[in-house]
Every structure is written in structure tokens, then in C-alpha cells.
Amino acid sequence: ELTGRLTKLEHYCEQTDASLVAQLASLGDLLRQAQTSLATSTKLQIDSESQAALRGRQHAQLKKEYTNTMTQFCSDQNEARSELCALTKIRGELYKIEGAKVFIVDCAVSDWVVAECTKTCGGGTRRLRRTITVAPDGGAACPPLEAEEECNSQPCPVDCRLGSWSGWSSCSARCGGGVRQRSRHIKTPAKHGGEPCERTEEAEACNMQSCNRNCVLGRWGKWSACSKACGV
């Protein structure tokens, strides 16, 4: 009886040892995969931080250029208005010198009315229209009443697209608790503020039943032929 118990205990220990070895091997694989994912994520983080810093510098440069451009535009606009006012005054003085009494009316137009852009992203166009508020009478002609400009030139967002889940891997242990996993690949990474990717790897527990279980025997087979025709 003691020998039988020792045999069962040895068999149990062998099964447990094999299960633990298998689990350690599986956990080692998971650790290597996790380390690879961590390295990849770290690289992506560093790249993202570098891109963010670059975008920050570009934004600061564009803001500076925009401020300088608007300052120059306002200066040019004020200068043009001053010249127009001076030319209008000179024109009136010239008519006075000639002794002519002329009532001059320059054309006046409304502010631009801007239509919607033809696209929400990726580059589109929009129409600008204005109307004549004061018709010219011997004065300056009306400027163009219609124009077109580019709009929404920023790139369109691209949502992440994932492939189908692979089948579950085999369990890392036949009993005592193991791990199985599955994965899916990224078909299209997210860009320009699109929907980010969901998880690409999953793992779950399997074969949670105890390795310490009673022996279960099948049915007896048929008797074999007797080794002798007679005698013992």
C-alpha cells in the first residue's frame, strides 16, 4: 500500500513539475513579448515627443510669421487708405482749379460674405461675394465682387483599422492553471487625430482544474486467449 501511495505521489510530482516547467516557458514567452511591446511603445513615445516638440517649434515660427505678415498687411492697408484719401483730395482740388463743379461718387462695396468650404479637410475652396452699396458716379470703379480662396487644408484624420483576431494559442499547462493568448495586427495606424487602435493582444487563464486528481480507468478489455490448452 505504501509503495502504491509513493508511486502515485511521484506521478503527481512529475505532472506538477511538467506543468510548472510549461508555465514558466509560457510566462517567459509572455515576458519577452511584453518587453518587445514596451520597447516599441517607448520608441513610439519618444518619437511622439520629438514630433510634438517639432510641431511646437513650427507653431511658434508660424505664429511669428503670421504676426509679422498681419502687421505688414495693416501697415500697407493704412498706407493705401492714406494714399486714396490724398488722391481723392488732389482730384477735388484739380476740378476746383479748372472751375468745374463736379459731384464725384466713388464705388463702395459691402464686406465679403464667405460661403462654406467644399471640404472639411484635405483642402477645399470657398466662394466670397460682396455687393455694391454705392454705385460710382464719375469716381473710382468698383472692385471685383467675387473671389475664391483655399480652405481647410489640414490633412483628414485617419482612424485605426485592425485585422481579425487570430485563433487562441494552446494552453501553457494541461492542468493547474495556464495561459493562452491571441493577437491581431494593425492594418492602418491612426493619423492626424483619428480614432486610436484598440488592444492588439489578449490573454486569458485556461485549464484551471487541479492536477491532483484520482486515477480513472477505462473498461476492461476482452480476455486474451489462454497461454496453455490445459494444466496450469
# chains A, B, ... in the order shown; residues from 1 in each chain; ligands from 1
$ select_by_dssp --residues "region 66-221 of chain A" --states "strand (DSSP E or B)" --output "PyMOL selection string"
chain A and resi 105+108-109+113-114+124-129+132-134+137-138+146-151+158+161-162+178-183+186-188+191+201-206
$ closest_atom_pairs --of "region 148-179 of chain A" --to "region 9-32 of chain A" --cutoff "12 Å" --atoms "only C-alpha atoms" --output "JSON lines"
{"residue": "A:Ser169", "atom": "CA", "partner": "A:Ser26", "partner_atom": "CA", "distance": 10.7}
{"residue": "A:Ser170", "atom": "CA", "partner": "A:Ser26", "partner_atom": "CA", "distance": 10.2}
{"residue": "A:Cys171", "atom": "CA", "partner": "A:Ser26", "partner_atom": "CA", "distance": 8.8}
{"residue": "A:Ser172", "atom": "CA", "partner": "A:Gln23", "partner_atom": "CA", "distance": 5.4}
{"residue": "A:Ala173", "atom": "CA", "partner": "A:Ser19", "partner_atom": "CA", "distance": 5.3}
{"residue": "A:Arg174", "atom": "CA", "partner": "A:Ser19", "partner_atom": "CA", "distance": 6.8}
{"residue": "A:Cys175", "atom": "CA", "partner": "A:Ser19", "partner_atom": "CA", "distance": 6.9}
{"residue": "A:Gly176", "atom": "CA", "partner": "A:Ser19", "partner_atom": "CA", "distance": 7.3}
{"residue": "A:Gly177", "atom": "CA", "partner": "A:Gln23", "partner_atom": "CA", "distance": 8.4}
{"residue": "A:Gly178", "atom": "CA", "partner": "A:Gln23", "partner_atom": "CA", "distance": 6.2}
{"residue": "A:Val179", "atom": "CA", "partner": "A:Ser26", "partner_atom": "CA", "distance": 7.5}
$ write_last_selection --atoms "C-alpha atoms" --output "short mmCIF file (atom, residue, chain, number, x, y, z; two decimals), in the first residue's frame"
data_model
loop_
_atom_site.label_atom_id
_atom_site.label_comp_id
_atom_site.auth_asym_id
_atom_site.auth_seq_id
_atom_site.Cartn_x
_atom_site.Cartn_y
_atom_site.Cartn_z
CA SER A 169 -2.91 29.56 -28.76
CA SER A 170 -2.65 26.24 -26.95
CA CYS A 171 -2.78 26.44 -23.17
CA SER A 172 0.57 26.68 -21.45
CA ALA A 173 -0.40 23.91 -18.99
CA ARG A 174 -2.64 20.85 -19.10
CA CYS A 175 -3.79 21.40 -15.52
CA GLY A 176 -3.18 23.61 -12.50
CA GLY A 177 -3.81 26.83 -14.39
CA GLY A 178 -2.20 28.05 -17.59
CA VAL A 179 -2.39 30.92 -20.06
#
$ residues_around --residues "region 75-90 of chain A" --least-positions-apart "5" --cutoff "12 Å" --atoms "only C-alpha atoms" --output "PyMOL selection string"
chain A and resi 68-70+95-97+104-106+139-140
$ atom_distance --atom1 "CA of Glu49 (chain A)" --atom2 "CA of Thr67 (chain A)"
26.6 Å
$ closest_residue --among "A:Thr200, A:Ser183, A:Gln209, A:Asn152" --to "Thr120 (chain A)" --atoms "only C-alpha atoms"
A:Asn152
$ atom_distance --atom1 "CA of Thr118 (chain A)" --atom2 "CA of Glu150 (chain A)"
9.5 Å
$ atom_distance --atom1 "CA of His192 (chain A)" --atom2 "CA of Glu148 (chain A)"
26.6 Å
$ select_by_dssp --residues "region 34-118 of chain A" --states "helix (DSSP H, G or I)" --output "PyMOL selection string"
chain A and resi 34-97
$ residues_around --residues "Ala141 (chain A)" --least-positions-apart "4" --cutoff "10 Å" --atoms "only C-alpha atoms" --output "PyMOL selection string"
chain A and resi 105-108+135-137
$ residues_around --residues "Lys119 (chain A)" --least-positions-apart "3" --cutoff "12 Å" --atoms "only C-alpha atoms" --output "JSON, numbers by chain"
{"A": [115, 116, 122, 123, 124, 125, 126, 150, 151, 152, 153, 154, 155, 156]}
$ residues_around --residues "Ala190 (chain A)" --least-positions-apart "5" --cutoff "9 Å" --atoms "only C-alpha atoms" --output "list in words"
Pro157, Val158, Asp159, Cys160, Arg161, Glu195, Pro196 and Cys197 of chain A
$ residues_around --residues "Pro144 (chain A)" --least-positions-apart "6" --cutoff "12 Å" --atoms "only C-alpha atoms" --output "PyMOL selection string"
chain A and resi 107-110+112+128-132
